[in-house]
>>> print(open('model-v3.pdb').read())   # PDB, C-alpha atoms (C1' of nucleotides)
MODEL        1
ATOM      1  CA  MET A 154       3.670-236.134  37.266
ATOM      2  CA  ASN A 155       6.117-236.445  34.369
ATOM      3  CA  ILE A 156       7.622-233.476  32.576
ATOM      4  CA  GLY A 157       5.179-233.735  29.676
ATOM      5  CA  GLU A 158       2.197-233.558  31.961
ATOM      6  CA  ALA A 159       3.757-230.692  33.905
ATOM      7  CA  ALA A 160       4.310-228.943  30.593
ATOM      8  CA  ARG A 161       0.662-229.342  29.655
ATOM      9  CA  ALA A 162      -0.456-228.231  33.115
ATOM     10  CA  SER A 163       1.750-225.140  33.203
ATOM     11  CA  GLY A 164       1.894-224.034  29.592
ATOM     12  CA  VAL A 165       5.694-224.233  29.628
ATOM     13  CA  SER A 166       7.206-226.641  27.110
ATOM     14  CA  ALA A 167       9.179-229.612  28.435
ATOM     15  CA  LYS A 168      12.176-228.179  26.652
ATOM     16  CA  MET A 169      11.905-224.914  28.490
ATOM     17  CA  ILE A 170      11.312-226.598  31.833
ATOM     18  CA  ARG A 171      14.641-228.386  31.422
ATOM     19  CA  TYR A 172      16.254-225.133  30.350
ATOM     20  CA  TYR A 173      14.894-223.247  33.363
ATOM     21  CA  GLU A 174      16.252-225.995  35.555
ATOM     22  CA  SER A 175      19.663-225.799  33.873
ATOM     23  CA  ILE A 176      19.961-222.065  34.522
ATOM     24  CA  GLY A 177      18.734-222.424  38.087
ATOM     25  CA  LEU A 178      15.442-220.581  37.635
ATOM     26  CA  VAL A 179      13.590-223.598  39.029
ATOM     27  CA  PRO A 180      15.145-226.028  41.497
ATOM     28  CA  GLU A 181      16.269-229.413  40.227
ATOM     29  CA  ALA A 182      13.283-231.688  39.898
ATOM     30  CA  ALA A 183      13.093-234.937  41.849
ATOM     31  CA  ARG A 184      13.831-238.016  39.759
ATOM     32  CA  THR A 185      12.385-241.486  39.566
ATOM     33  CA  GLN A 186      14.748-244.459  39.758
ATOM     34  CA  SER A 187      14.960-244.463  35.995
ATOM     35  CA  GLY A 188      15.878-240.798  35.837
ATOM     36  CA  TYR A 189      12.523-239.279  34.885
ATOM     37  CA  ARG A 190      11.833-235.869  36.395
ATOM     38  CA  THR A 191       8.741-235.729  38.571
ATOM     39  CA  TYR A 192       6.642-232.702  39.430
ATOM     40  CA  GLY A 193       3.987-231.869  41.980
ATOM     41  CA  ASN A 194       1.482-229.045  42.288
ATOM     42  CA  THR A 195       4.048-226.711  43.824
ATOM     43  CA  GLU A 196       6.390-227.052  40.879
ATOM     44  CA  VAL A 197       3.589-226.590  38.376
ATOM     45  CA  GLN A 198       2.533-223.441  40.181
ATOM     46  CA  ILE A 199       6.061-222.074  39.925
ATOM     47  CA  LEU A 200       6.110-222.904  36.244
ATOM     48  CA  ARG A 201       2.796-221.104  35.752
ATOM     49  CA  PHE A 202       4.279-218.084  37.512
ATOM     50  CA  ILE A 203       7.188-218.123  35.113
ATOM     51  CA  ARG A 204       4.904-218.566  32.142
ATOM     52  CA  ARG A 205       2.776-215.640  33.175
ATOM     53  CA  GLY A 206       5.850-213.532  33.746
ATOM     54  CA  ARG A 207       7.161-214.364  30.282
ATOM     55  CA  ASP A 208       3.771-213.526  28.782
ATOM     56  CA  LEU A 209       4.100-210.114  30.385
ATOM     57  CA  GLY A 210       7.502-209.763  28.749
ATOM     58  CA  PHE A 211       9.662-209.943  31.854
ATOM     59  CA  PRO A 212      13.175-211.168  31.132
ATOM     60  CA  VAL A 213      14.003-214.451  32.812
ATOM     61  CA  GLU A 214      16.479-212.664  35.033
ATOM     62  CA  THR A 215      13.744-210.434  36.426
ATOM     63  CA  ILE A 216      11.419-213.389  36.885
ATOM     64  CA  ASN A 217      14.111-214.906  39.042
ATOM     65  CA  THR A 218      13.949-211.860  41.296
ATOM     66  CA  LEU A 219      10.153-211.888  41.257
ATOM     67  CA  LEU A 220      10.151-215.544  42.262
ATOM     68  CA  ALA A 221      12.426-214.753  45.172
ATOM     69  CA  LEU A 222      10.067-211.991  46.285
ATOM     70  CA  TRP A 223       7.115-214.337  45.880
ATOM     71  CA  ARG A 224       8.761-216.781  48.233
ATOM     72  CA  ASP A 225       9.753-214.063  50.693
ATOM     73  CA  ARG A 226       6.914-213.518  53.143
ATOM     74  CA  SER A 227       8.604-210.418  54.498
ATOM     75  CA  ARG A 228       8.970-208.782  51.090
ATOM     76  CA  HIS A 229       8.102-205.152  50.489
ATOM     77  CA  SER A 230       5.494-204.742  47.784
ATOM     78  CA  ALA A 231       7.403-201.607  46.796
ATOM     79  CA  ASP A 232      10.183-203.822  45.440
ATOM     80  CA  VAL A 233       7.737-205.748  43.273
ATOM     81  CA  LYS A 234       6.078-202.575  42.071
ATOM     82  CA  ARG A 235       9.409-201.041  41.112
ATOM     83  CA  LEU A 236      10.352-204.090  39.044
ATOM     84  CA  ALA A 237       6.991-203.926  37.299
ATOM     85  CA  LEU A 238       7.199-200.216  36.581
ATOM     86  CA  ASP A 239      10.800-200.467  35.411
ATOM     87  CA  HIS A 240       9.638-203.083  32.962
ATOM     88  CA  VAL A 241       6.778-200.841  31.864
ATOM     89  CA  SER A 242       9.346-198.118  31.165
ATOM     90  CA  GLU A 243      11.394-200.503  29.130
ATOM     91  CA  LEU A 244       8.331-201.564  27.164
ATOM     92  CA  GLU A 245       7.422-197.930  26.573
ATOM     93  CA  ARG A 246      10.925-197.195  25.366
ATOM     94  CA  LYS A 247      10.755-199.985  22.819
ATOM     95  CA  ILE A 248       7.223-199.054  21.785
ATOM     96  CA  THR A 249       8.270-195.461  21.173
ATOM     97  CA  GLU A 250      11.279-196.604  19.179
ATOM     98  CA  MET A 251       9.210-198.907  17.005
ATOM     99  CA  GLN A 252       6.503-196.332  16.530
ATOM    100  CA  ALA A 253       9.100-193.914  15.194
ATOM    101  CA  MET A 254      10.239-196.567  12.742
ATOM    102  CA  ALA A 255       6.676-197.331  11.694
ATOM    103  CA  ASP A 256       5.821-193.644  11.288
ATOM    104  CA  THR A 257       8.852-193.048   9.093
ATOM    105  CA  LEU A 258       8.094-196.089   6.980
ATOM    106  CA  ARG A 259       4.418-195.265   6.627
ATOM    107  CA  HIS A 260       5.347-191.791   5.461
ATOM    108  CA  LEU A 261       7.868-193.096   2.962
ATOM    109  CA  ALA A 262       5.479-195.766   1.714
ATOM    110  CA  HIS A 263       2.758-193.160   1.360
ATOM    111  CA  THR A 264       4.915-191.147  -1.026
ATOM    112  CA  CYS A 265       5.847-194.255  -3.009
ATOM    113  CA  ALA A 266       3.733-194.946  -6.075
ATOM    114  CA  GLY A 267       3.977-198.674  -5.568
ATOM    115  CA  ASP A 268       3.526-199.459  -9.226
ATOM    116  CA  GLY A 269       5.642-200.926 -11.999
ATOM    117  CA  ARG A 270       8.050-198.003 -12.189
ATOM    118  CA  PRO A 271      11.410-198.145 -10.432
ATOM    119  CA  ASP A 272      11.268-194.710  -8.767
ATOM    120  CA  CYS A 273      10.971-195.220  -5.044
ATOM    121  CA  PRO A 274      11.338-192.723  -2.192
ATOM    122  CA  ILE A 275      11.894-195.612   0.212
ATOM    123  CA  LEU A 276      15.059-196.695  -1.569
ATOM    124  CA  ASP A 277      16.020-193.043  -1.952
ATOM    125  CA  ASP A 278      15.842-192.666   1.804
ATOM    126  CA  LEU A 279      17.788-195.836   2.499
ATOM    127  CA  GLY A 280      20.399-194.815  -0.033
ATOM    128  CA  GLY A 281      20.780-191.439   1.621
ATOM    129  CA  MET A 282      19.275-189.756  -1.443
ATOM    130  CA  ALA A 283      16.178-188.438   0.337
ATOM    131  CA  GLY A 284      14.471-185.792  -1.768
ATOM    132  CA  LYS A 285      16.638-186.450  -4.791
ATOM    133  CA  ALA A 286      15.760-188.417  -7.878
ATOM    134  CA  SER A 287      15.429-192.161  -7.437
ATOM    135  CA  ALA A 288      18.819-193.745  -7.678
ATOM    136  CA  SER A 289      20.244-197.178  -8.149
ATOM    137  CA  CYS A 290      23.205-198.418  -6.248
ATOM    138  CA  CYS A 291      26.625-198.586  -7.990
TER     139      CYS A 291
ATOM    140  CA  MET B 154      40.105-196.762   2.975
ATOM    141  CA  ASN B 155      40.665-199.295   5.740
ATOM    142  CA  ILE B 156      37.835-201.011   7.561
ATOM    143  CA  GLY B 157      38.072-198.680  10.554
ATOM    144  CA  GLU B 158      37.686-195.614   8.397
ATOM    145  CA  ALA B 159      34.823-197.237   6.497
ATOM    146  CA  ALA B 160      33.188-197.989   9.835
ATOM    147  CA  ARG B 161      33.463-194.368  10.892
ATOM    148  CA  ALA B 162      32.191-193.172   7.524
ATOM    149  CA  SER B 163      29.193-195.516   7.455
ATOM    150  CA  GLY B 164      28.225-195.845  11.088
ATOM    151  CA  VAL B 165      28.594-199.630  10.885
ATOM    152  CA  SER B 166      31.172-201.109  13.264
ATOM    153  CA  ALA B 167      34.176-202.897  11.774
ATOM    154  CA  LYS B 168      32.964-206.006  13.528
ATOM    155  CA  MET B 169      29.618-205.849  11.801
ATOM    156  CA  ILE B 170      31.154-205.057   8.426
ATOM    157  CA  ARG B 171      33.104-208.313   8.639
ATOM    158  CA  TYR B 172      29.963-210.100   9.759
ATOM    159  CA  TYR B 173      27.920-208.723   6.861
ATOM    160  CA  GLU B 174      30.647-209.859   4.519
ATOM    161  CA  SER B 175      30.659-213.318   6.072
ATOM    162  CA  ILE B 176      26.928-213.779   5.529
ATOM    163  CA  GLY B 177      27.112-212.412   2.002
ATOM    164  CA  LEU B 178      25.139-209.235   2.660
ATOM    165  CA  VAL B 179      28.014-207.195   1.247
ATOM    166  CA  PRO B 180      30.429-208.527  -1.370
ATOM    167  CA  GLU B 181      33.904-209.517  -0.272
ATOM    168  CA  ALA B 182      36.050-206.443   0.109
ATOM    169  CA  ALA B 183      39.206-206.009  -1.953
ATOM    170  CA  ARG B 184      42.401-206.674  -0.039
ATOM    171  CA  THR B 185      45.804-205.080   0.101
ATOM    172  CA  GLN B 186      48.850-207.281  -0.331
ATOM    173  CA  SER B 187      49.023-207.679   3.415
ATOM    174  CA  GLY B 188      45.411-208.766   3.677
ATOM    175  CA  TYR B 189      43.781-205.533   4.837
ATOM    176  CA  ARG B 190      40.273-204.944   3.495
ATOM    177  CA  THR B 191      39.919-201.774   1.448
ATOM    178  CA  TYR B 192      36.751-199.794   0.796
ATOM    179  CA  GLY B 193      35.701-197.087  -1.617
ATOM    180  CA  ASN B 194      32.755-194.723  -1.752
ATOM    181  CA  THR B 195      30.504-197.336  -3.303
ATOM    182  CA  GLU B 196      31.047-199.752  -0.461
ATOM    183  CA  VAL B 197      30.532-197.079   2.165
ATOM    184  CA  GLN B 198      27.276-196.124   0.482
ATOM    185  CA  ILE B 199      26.084-199.729   0.667
ATOM    186  CA  LEU B 200      27.037-199.862   4.332
ATOM    187  CA  ARG B 201      25.106-196.675   4.995
ATOM    188  CA  PHE B 202      22.102-198.227   3.244
ATOM    189  CA  ILE B 203      22.352-201.217   5.552
ATOM    190  CA  ARG B 204      22.773-199.016   8.587
ATOM    191  CA  ARG B 205      19.699-196.999   7.709
ATOM    192  CA  GLY B 206      17.728-200.166   7.081
ATOM    193  CA  ARG B 207      18.723-201.547  10.472
ATOM    194  CA  ASP B 208      17.771-198.260  12.105
ATOM    195  CA  LEU B 209      14.321-198.688  10.597
ATOM    196  CA  GLY B 210      14.189-202.146  12.114
ATOM    197  CA  PHE B 211      14.399-204.210   8.933
ATOM    198  CA  PRO B 212      15.813-207.676   9.519
ATOM    199  CA  VAL B 213      19.089-208.311   7.718
ATOM    200  CA  GLU B 214      17.364-210.783   5.430
ATOM    201  CA  THR B 215      14.954-208.105   4.212
ATOM    202  CA  ILE B 216      17.780-205.630   3.777
ATOM    203  CA  ASN B 217      19.370-208.156   1.475
ATOM    204  CA  THR B 218      16.251-208.075  -0.691
ATOM    205  CA  LEU B 219      16.093-204.286  -0.520
ATOM    206  CA  LEU B 220      19.711-204.052  -1.620
ATOM    207  CA  ALA B 221      18.944-206.278  -4.596
ATOM    208  CA  LEU B 222      16.040-204.023  -5.542
ATOM    209  CA  TRP B 223      18.235-200.981  -5.093
ATOM    210  CA  ARG B 224      20.687-202.409  -7.586
ATOM    211  CA  ASP B 225      17.948-203.453  -9.992
ATOM    212  CA  ARG B 226      17.175-200.567 -12.306
ATOM    213  CA  SER B 227      14.138-202.387 -13.664
ATOM    214  CA  ARG B 228      12.628-202.942 -10.225
ATOM    215  CA  HIS B 229       8.987-202.286  -9.495
ATOM    216  CA  SER B 230       8.518-199.800  -6.693
ATOM    217  CA  ALA B 231       5.515-201.909  -5.687
ATOM    218  CA  ASP B 232       7.915-204.595  -4.474
ATOM    219  CA  VAL B 233       9.778-202.136  -2.286
ATOM    220  CA  LYS B 234       6.562-200.694  -0.950
ATOM    221  CA  ARG B 235       5.233-204.131  -0.067
ATOM    222  CA  LEU B 236       8.376-204.966   1.898
ATOM    223  CA  ALA B 237       8.101-201.680   3.754
ATOM    224  CA  LEU B 238       4.423-202.111   4.575
ATOM    225  CA  ASP B 239       4.890-205.724   5.612
ATOM    226  CA  HIS B 240       7.518-204.518   8.024
ATOM    227  CA  VAL B 241       5.179-201.810   9.294
ATOM    228  CA  SER B 242       2.619-204.546   9.969
ATOM    229  CA  GLU B 243       5.173-206.526  11.880
ATOM    230  CA  LEU B 244       6.128-203.468  13.920
ATOM    231  CA  GLU B 245       2.470-202.782  14.637
ATOM    232  CA  ARG B 246       1.965-206.348  15.752
ATOM    233  CA  LYS B 247       4.825-206.112  18.218
ATOM    234  CA  ILE B 248       3.737-202.681  19.396
ATOM    235  CA  THR B 249       0.219-203.946  20.087
ATOM    236  CA  GLU B 250       1.592-206.924  21.947
ATOM    237  CA  MET B 251       3.850-204.801  24.116
ATOM    238  CA  GLN B 252       1.131-202.260  24.747
ATOM    239  CA  ALA B 253      -1.091-205.014  26.083
ATOM    240  CA  MET B 254       1.703-206.077  28.431
ATOM    241  CA  ALA B 255       2.310-202.521  29.550
ATOM    242  CA  ASP B 256      -1.418-201.879  30.080
ATOM    243  CA  THR B 257      -1.763-204.988  32.218
ATOM    244  CA  LEU B 258       1.297-204.125  34.257
ATOM    245  CA  ARG B 259       0.283-200.512  34.729
ATOM    246  CA  HIS B 260      -3.076-201.647  35.987
ATOM    247  CA  LEU B 261      -1.563-204.170  38.377
ATOM    248  CA  ALA B 262       1.013-201.677  39.606
ATOM    249  CA  HIS B 263      -1.717-199.117  40.116
ATOM    250  CA  THR B 264      -3.533-201.452  42.494
ATOM    251  CA  CYS B 265      -0.305-202.276  44.365
ATOM    252  CA  ALA B 266       0.366-200.206  47.456
ATOM    253  CA  GLY B 267       4.101-200.238  46.824
ATOM    254  CA  ASP B 268       5.000-199.844  50.481
ATOM    255  CA  GLY B 269       6.664-201.967  53.129
ATOM    256  CA  ARG B 270       3.884-204.530  53.351
ATOM    257  CA  PRO B 271       4.141-207.827  51.484
ATOM    258  CA  ASP B 272       0.647-207.818  49.960
ATOM    259  CA  CYS B 273       0.981-207.382  46.221
ATOM    260  CA  PRO B 274      -1.581-207.795  43.444
ATOM    261  CA  ILE B 275       1.244-208.139  40.942
ATOM    262  CA  LEU B 276       2.559-211.284  42.586
ATOM    263  CA  ASP B 277      -1.017-212.459  43.070
ATOM    264  CA  ASP B 278      -1.543-212.186  39.330
ATOM    265  CA  LEU B 279       1.696-213.939  38.466
ATOM    266  CA  GLY B 280       0.885-216.664  40.966
ATOM    267  CA  GLY B 281      -2.524-217.165  39.400
ATOM    268  CA  MET B 282      -4.164-215.840  42.562
ATOM    269  CA  ALA B 283      -5.695-212.778  40.920
ATOM    270  CA  GLY B 284      -8.318-211.265  43.165
ATOM    271  CA  LYS B 285      -7.464-213.475  46.089
ATOM    272  CA  ALA B 286      -5.417-212.587  49.137
ATOM    273  CA  SER B 287      -1.716-212.042  48.567
ATOM    274  CA  ALA B 288       0.030-215.368  48.664
ATOM    275  CA  SER B 289       3.544-216.626  48.991
ATOM    276  CA  CYS B 290       4.865-219.441  46.965
ATOM    277  CA  CYS B 291       5.227-222.921  48.595
TER     278      CYS B 291
ATOM    279  C1'  DG C  52      67.253-199.236  12.501
ATOM    280  C1'  DA C  53      64.623-200.298  16.484
ATOM    281  C1'  DT C  54      60.673-199.778  19.146
ATOM    282  C1'  DA C  55      56.036-198.363  20.496
ATOM    283  C1'  DG C  56      51.278-197.901  19.630
ATOM    284  C1'  DG C  57      47.474-198.471  17.091
ATOM    285  C1'  DG C  58      45.092-200.899  13.434
ATOM    286  C1'  DC C  59      44.232-205.025  11.072
ATOM    287  C1'  DT C  60      43.549-210.268  10.664
ATOM    288  C1'  DT C  61      41.106-214.663  12.150
ATOM    289  C1'  DC C  62      38.811-217.445  15.473
ATOM    290  C1'  DC C  63      36.230-218.452  19.477
ATOM    291  C1'  DC C  64      32.874-217.183  23.174
ATOM    292  C1'  DA C  65      28.748-214.892  24.942
ATOM    293  C1'  DC C  66      24.251-213.033  25.109
ATOM    294  C1'  DA C  67      18.209-214.492  25.481
ATOM    295  C1'  DA C  68      15.037-217.705  24.832
ATOM    296  C1'  DT C  69      13.396-221.044  22.072
ATOM    297  C1'  DG C  70      12.919-224.862  18.703
ATOM    298  C1'  DG C  71      14.541-229.091  16.504
ATOM    299  C1'  DC C  72      16.824-233.373  15.870
ATOM    300  C1'  DA C  73      19.148-237.671  17.059
ATOM    301  C1'  DA C  74      20.461-241.663  19.704
ATOM    302  C1'  DG C  75      19.167-244.199  23.294
ATOM    303  C1'  DG C  76      16.537-245.714  27.694
ATOM    304  C1'  DT C  77      11.637-246.579  29.777
ATOM    305  C1'  DC C  78       7.024-247.608  30.472
ATOM    306  C1'  DA C  79       2.405-249.307  29.610
ATOM    307  C1'  DA C  80      -0.862-251.546  26.788
ATOM    308  C1'  DG C  81      -1.943-255.067  23.697
TER     309       DG C  81
ATOM    310  C1'  DC D 262       7.450-259.392  23.338
ATOM    311  C1'  DT D 263       6.459-255.689  20.487
ATOM    312  C1'  DT D 264       4.880-251.196  19.582
ATOM    313  C1'  DG D 265       4.313-246.563  20.400
ATOM    314  C1'  DA D 266       4.535-242.809  23.282
ATOM    315  C1'  DC D 267       7.393-240.701  26.454
ATOM    316  C1'  DC D 268      11.688-239.576  28.725
ATOM    317  C1'  DT D 269      16.911-238.642  28.800
ATOM    318  C1'  DT D 270      21.126-235.940  27.247
ATOM    319  C1'  DG D 271      23.521-233.357  23.932
ATOM    320  C1'  DC D 272      24.368-230.645  20.024
ATOM    321  C1'  DC D 273      22.943-227.221  16.473
ATOM    322  C1'  DA D 274      20.389-223.060  14.828
ATOM    323  C1'  DT D 275      18.324-218.867  15.409
ATOM    324  C1'  DT D 276      19.317-212.781  15.364
ATOM    325  C1'  DG D 277      22.572-209.346  15.616
ATOM    326  C1'  DT D 278      25.932-207.647  18.309
ATOM    327  C1'  DG D 279      29.923-207.240  21.458
ATOM    328  C1'  DG D 280      34.315-208.894  23.615
ATOM    329  C1'  DG D 281      38.699-210.835  23.653
ATOM    330  C1'  DA D 282      43.071-213.286  22.350
ATOM    331  C1'  DA D 283      47.010-214.211  19.384
ATOM    332  C1'  DG D 284      49.444-212.565  15.903
ATOM    333  C1'  DC D 285      50.665-209.622  11.752
ATOM    334  C1'  DC D 286      51.218-204.799   9.729
ATOM    335  C1'  DC D 287      52.122-199.916   9.357
ATOM    336  C1'  DT D 288      53.745-195.510  10.750
ATOM    337  C1'  DA D 289      56.026-192.292  13.593
ATOM    338  C1'  DT D 290      59.401-191.191  16.674
ATOM    339  C1'  DC D 291      63.855-191.711  18.852
TER     340       DC D 291
ENDMDL
END
>>> encode(input="model-v3.pdb", output="structure tokens")
Amino acid sequence: MNIGEAARASGVSAKMIRYYESIGLVPEAARTQSGYRTYGNTEVQILRFIRRGRDLGFPVETINTLLALWRDRSRHSADVKRLALDHVSELERKITEMQAMADTLRHLAHTCAGDGRPDCPILDDLGGMAGKASASCC
Amino acid sequence: MNIGEAARASGVSAKMIRYYESIGLVPEAARTQSGYRTYGNTEVQILRFIRRGRDLGFPVETINTLLALWRDRSRHSADVKRLALDHVSELERKITEMQAMADTLRHLAHTCAGDGRPDCPILDDLGGMAGKASASCC
DNA sequence: GATAGGGCTTCCCACAATGGCAAGGTCAAG
DNA sequence: CTTGACCTTGCCATTGTGGGAAGCCCTATC
């Protein structure tokens, strides 16, 4: 199977497959005489694993660890679970952060007329003029 | 005021001030004879505006537009409001995406014993073996 | 006046993960 | 043999930030 076919079969672009190989996330693929990479079912399965991990937002570095655990028949599921829950915490942290941004902006936008006049509480806030009359810079 | 002092006064690192200048987000600073950048209150105010915009998650490109509107006394607040609400939409999109990831992972982690045994629904899911017995790669 | 230390300058490198392009080799079908 | 689709490597761009090196500048202290 060529890289293009492996890409189609795994959902990982050929570009990314080469990249993952270059950073050592997947082992170097076997090559034909002419230099084409070749893939089998095992490799495609690994690529699918990576793809799924990326879809769940795991950083590549963590996927590397997860792959190692996947290969390790004597792994402790506790190690996998901890990686997953750490990632959940990280996601929650970012979600909370973005929700605070969105809440602030929704509030500001709510108090903004949004018409043809220049007065705008959003710009007032950004300009550090919150609560004061709408200002222009400089 | 030197760049370090301006950084302290605005909350934007000296490094980033130079970067913002290089991409044209802030005008080129005046220089002393020896080449040091100098800043006044106006410049610090602009930097604070940028800092606040970044804290609200606006991309630099959008902050550029917001700065232009800030300077434009004949602006329409509708334009500012639209930028803000578009950004809220973008934040919501990302939040929804990350919440789906977190929900999936919480569910998987919940069904994972997290002990010394190797069986792990999380790895099963990543390996495309959802619902089947815990597998090891290759 | 000399020296030390801290601040400033520019320039380059790195990150994470992905896309795109270009120049060239390869393979299979017509 | 030609054509078109595919593969190869390599370099550039993204977004926004940090780090560091080499060298100049300024001020304070001895």
>>> calpha_fit_and_write(input="model-v3.pdb", fixed="chain A", moving="chain B", output="short mmCIF file (atom, residue, chain, number, x, y, z; two decimals) with C-alpha atoms, in the coordinates of the input")
data_model
loop_
_atom_site.label_atom_id
_atom_site.label_comp_id
_atom_site.auth_asym_id
_atom_site.auth_seq_id
_atom_site.Cartn_x
_atom_site.Cartn_y
_atom_site.Cartn_z
CA MET B 154 3.69 -236.14 37.22
CA ASN B 155 6.15 -236.48 34.36
CA ILE B 156 7.67 -233.51 32.57
CA GLY B 157 5.25 -233.78 29.65
CA GLU B 158 2.24 -233.61 31.91
CA ALA B 159 3.79 -230.73 33.85
CA ALA B 160 4.35 -228.96 30.55
CA ARG B 161 0.71 -229.38 29.60
CA ALA B 162 -0.43 -228.27 33.04
CA SER B 163 1.76 -225.17 33.13
CA GLY B 164 1.92 -224.07 29.53
CA VAL B 165 5.73 -224.26 29.60
CA SER B 166 7.25 -226.68 27.09
CA ALA B 167 9.23 -229.64 28.43
CA LYS B 168 12.22 -228.22 26.62
CA MET B 169 11.95 -224.94 28.45
CA ILE B 170 11.35 -226.62 31.80
CA ARG B 171 14.69 -228.39 31.42
CA TYR B 172 16.28 -225.13 30.35
CA TYR B 173 14.90 -223.25 33.36
CA GLU B 174 16.25 -225.99 35.57
CA SER B 175 19.65 -225.78 33.91
CA ILE B 176 19.94 -222.05 34.56
CA GLY B 177 18.70 -222.41 38.12
CA LEU B 178 15.41 -220.58 37.63
CA VAL B 179 13.57 -223.60 39.01
CA PRO B 180 15.10 -226.02 41.50
CA GLU B 181 16.22 -229.41 40.26
CA ALA B 182 13.25 -231.69 39.91
CA ALA B 183 13.04 -234.93 41.88
CA ARG B 184 13.79 -238.02 39.84
CA THR B 185 12.37 -241.50 39.64
CA GLN B 186 14.73 -244.44 39.90
CA SER B 187 15.01 -244.48 36.14
CA GLY B 188 15.91 -240.81 35.97
CA TYR B 189 12.56 -239.31 34.96
CA ARG B 190 11.85 -235.88 36.43
CA THR B 191 8.73 -235.75 38.59
CA TYR B 192 6.62 -232.70 39.41
CA GLY B 193 3.95 -231.87 41.94
CA ASN B 194 1.45 -229.05 42.24
CA THR B 195 4.00 -226.72 43.78
CA GLU B 196 6.34 -227.05 40.85
CA VAL B 197 3.56 -226.59 38.33
CA GLN B 198 2.50 -223.44 40.14
CA ILE B 199 6.04 -222.06 39.88
CA LEU B 200 6.10 -222.89 36.19
CA ARG B 201 2.80 -221.10 35.69
CA PHE B 202 4.26 -218.08 37.49
CA ILE B 203 7.18 -218.11 35.08
CA ARG B 204 4.90 -218.55 32.10
CA ARG B 205 2.77 -215.61 33.14
CA GLY B 206 5.85 -213.50 33.73
CA ARG B 207 7.17 -214.32 30.27
CA ASP B 208 3.79 -213.48 28.77
CA LEU B 209 4.09 -210.06 30.38
CA GLY B 210 7.49 -209.71 28.76
CA PHE B 211 9.66 -209.92 31.87
CA PRO B 212 13.18 -211.14 31.13
CA VAL B 213 14.03 -214.43 32.80
CA GLU B 214 16.49 -212.66 35.06
CA THR B 215 13.74 -210.42 36.44
CA ILE B 216 11.42 -213.38 36.86
CA ASN B 217 14.09 -214.91 39.03
CA THR B 218 13.93 -211.87 41.30
CA LEU B 219 10.13 -211.90 41.25
CA LEU B 220 10.12 -215.55 42.24
CA ALA B 221 12.40 -214.77 45.17
CA LEU B 222 10.03 -212.01 46.28
CA TRP B 223 7.09 -214.34 45.85
CA ARG B 224 8.72 -216.80 48.22
CA ASP B 225 9.71 -214.08 50.68
CA ARG B 226 6.86 -213.53 53.11
CA SER B 227 8.58 -210.45 54.51
CA ARG B 228 8.94 -208.81 51.10
CA HIS B 229 8.08 -205.18 50.51
CA SER B 230 5.49 -204.75 47.81
CA ALA B 231 7.41 -201.62 46.83
CA ASP B 232 10.17 -203.84 45.46
CA VAL B 233 7.74 -205.75 43.29
CA LYS B 234 6.10 -202.58 42.10
CA ARG B 235 9.43 -201.05 41.16
CA LEU B 236 10.36 -204.08 39.07
CA ALA B 237 7.00 -203.92 37.32
CA LEU B 238 7.22 -200.20 36.61
CA ASP B 239 10.82 -200.45 35.45
CA HIS B 240 9.66 -203.06 32.99
CA VAL B 241 6.80 -200.82 31.88
CA SER B 242 9.39 -198.11 31.20
CA GLU B 243 11.43 -200.50 29.15
CA LEU B 244 8.35 -201.54 27.18
CA GLU B 245 7.47 -197.90 26.60
CA ARG B 246 10.96 -197.19 25.39
CA LYS B 247 10.79 -199.98 22.84
CA ILE B 248 7.27 -199.03 21.81
CA THR B 249 8.34 -195.43 21.19
CA GLU B 250 11.32 -196.59 19.20
CA MET B 251 9.24 -198.89 17.02
CA GLN B 252 6.55 -196.28 16.56
CA ALA B 253 9.14 -193.88 15.21
CA MET B 254 10.26 -196.55 12.74
CA ALA B 255 6.71 -197.30 11.72
CA ASP B 256 5.87 -193.59 11.33
CA THR B 257 8.88 -193.02 9.11
CA LEU B 258 8.10 -196.06 7.00
CA ARG B 259 4.43 -195.21 6.67
CA HIS B 260 5.36 -191.76 5.49
CA LEU B 261 7.87 -193.07 2.97
CA ALA B 262 5.47 -195.73 1.74
CA HIS B 263 2.76 -193.12 1.40
CA THR B 264 4.93 -191.12 -0.99
CA CYS B 265 5.85 -194.24 -2.99
CA ALA B 266 3.71 -194.92 -6.04
CA GLY B 267 3.95 -198.66 -5.53
CA ASP B 268 3.48 -199.47 -9.20
CA GLY B 269 5.59 -200.94 -11.96
CA ARG B 270 8.01 -198.03 -12.17
CA PRO B 271 11.37 -198.18 -10.42
CA ASP B 272 11.24 -194.74 -8.78
CA CYS B 273 10.95 -195.21 -5.05
CA PRO B 274 11.32 -192.72 -2.20
CA ILE B 275 11.89 -195.60 0.20
CA LEU B 276 15.04 -196.70 -1.59
CA ASP B 277 16.02 -193.06 -1.99
CA ASP B 278 15.84 -192.66 1.77
CA LEU B 279 17.78 -195.83 2.47
CA GLY B 280 20.38 -194.81 -0.08
CA GLY B 281 20.76 -191.43 1.58
CA MET B 282 19.26 -189.76 -1.49
CA ALA B 283 16.18 -188.44 0.30
CA GLY B 284 14.47 -185.83 -1.81
CA LYS B 285 16.62 -186.48 -4.83
CA ALA B 286 15.73 -188.47 -7.91
CA SER B 287 15.39 -192.21 -7.45
CA ALA B 288 18.79 -193.78 -7.71
CA SER B 289 20.21 -197.22 -8.19
CA CYS B 290 23.15 -198.46 -6.29
CA CYS B 291 26.59 -198.60 -8.04
#
>>> resolve_selection(input="model-v3.pdb", expression="the PyMOL selection byres ((chain D) within 9 of (chain B))", output="MDAnalysis selection string")
chainID D and resid 276:279 285:286
>>> interface_residues(input="model-v3.pdb", of="chain A", to="chain B", cutoff="6 Å", atoms="only C-alpha atoms", output="list of chain:residue names")
A:Phe202, A:Arg205, A:Leu209, A:Trp223, A:Arg224, A:Ser227, A:Arg228, A:His229, A:Ser230, A:Ala231, A:Lys234, A:Val241, A:Ile248, A:Met254, A:Ala255, A:Ala262, A:Gly267, A:Asp268, A:Gly269, A:Arg270, A:Pro271, A:Cys273, A:Leu279, A:Gly280, A:Ser289, A:Cys290
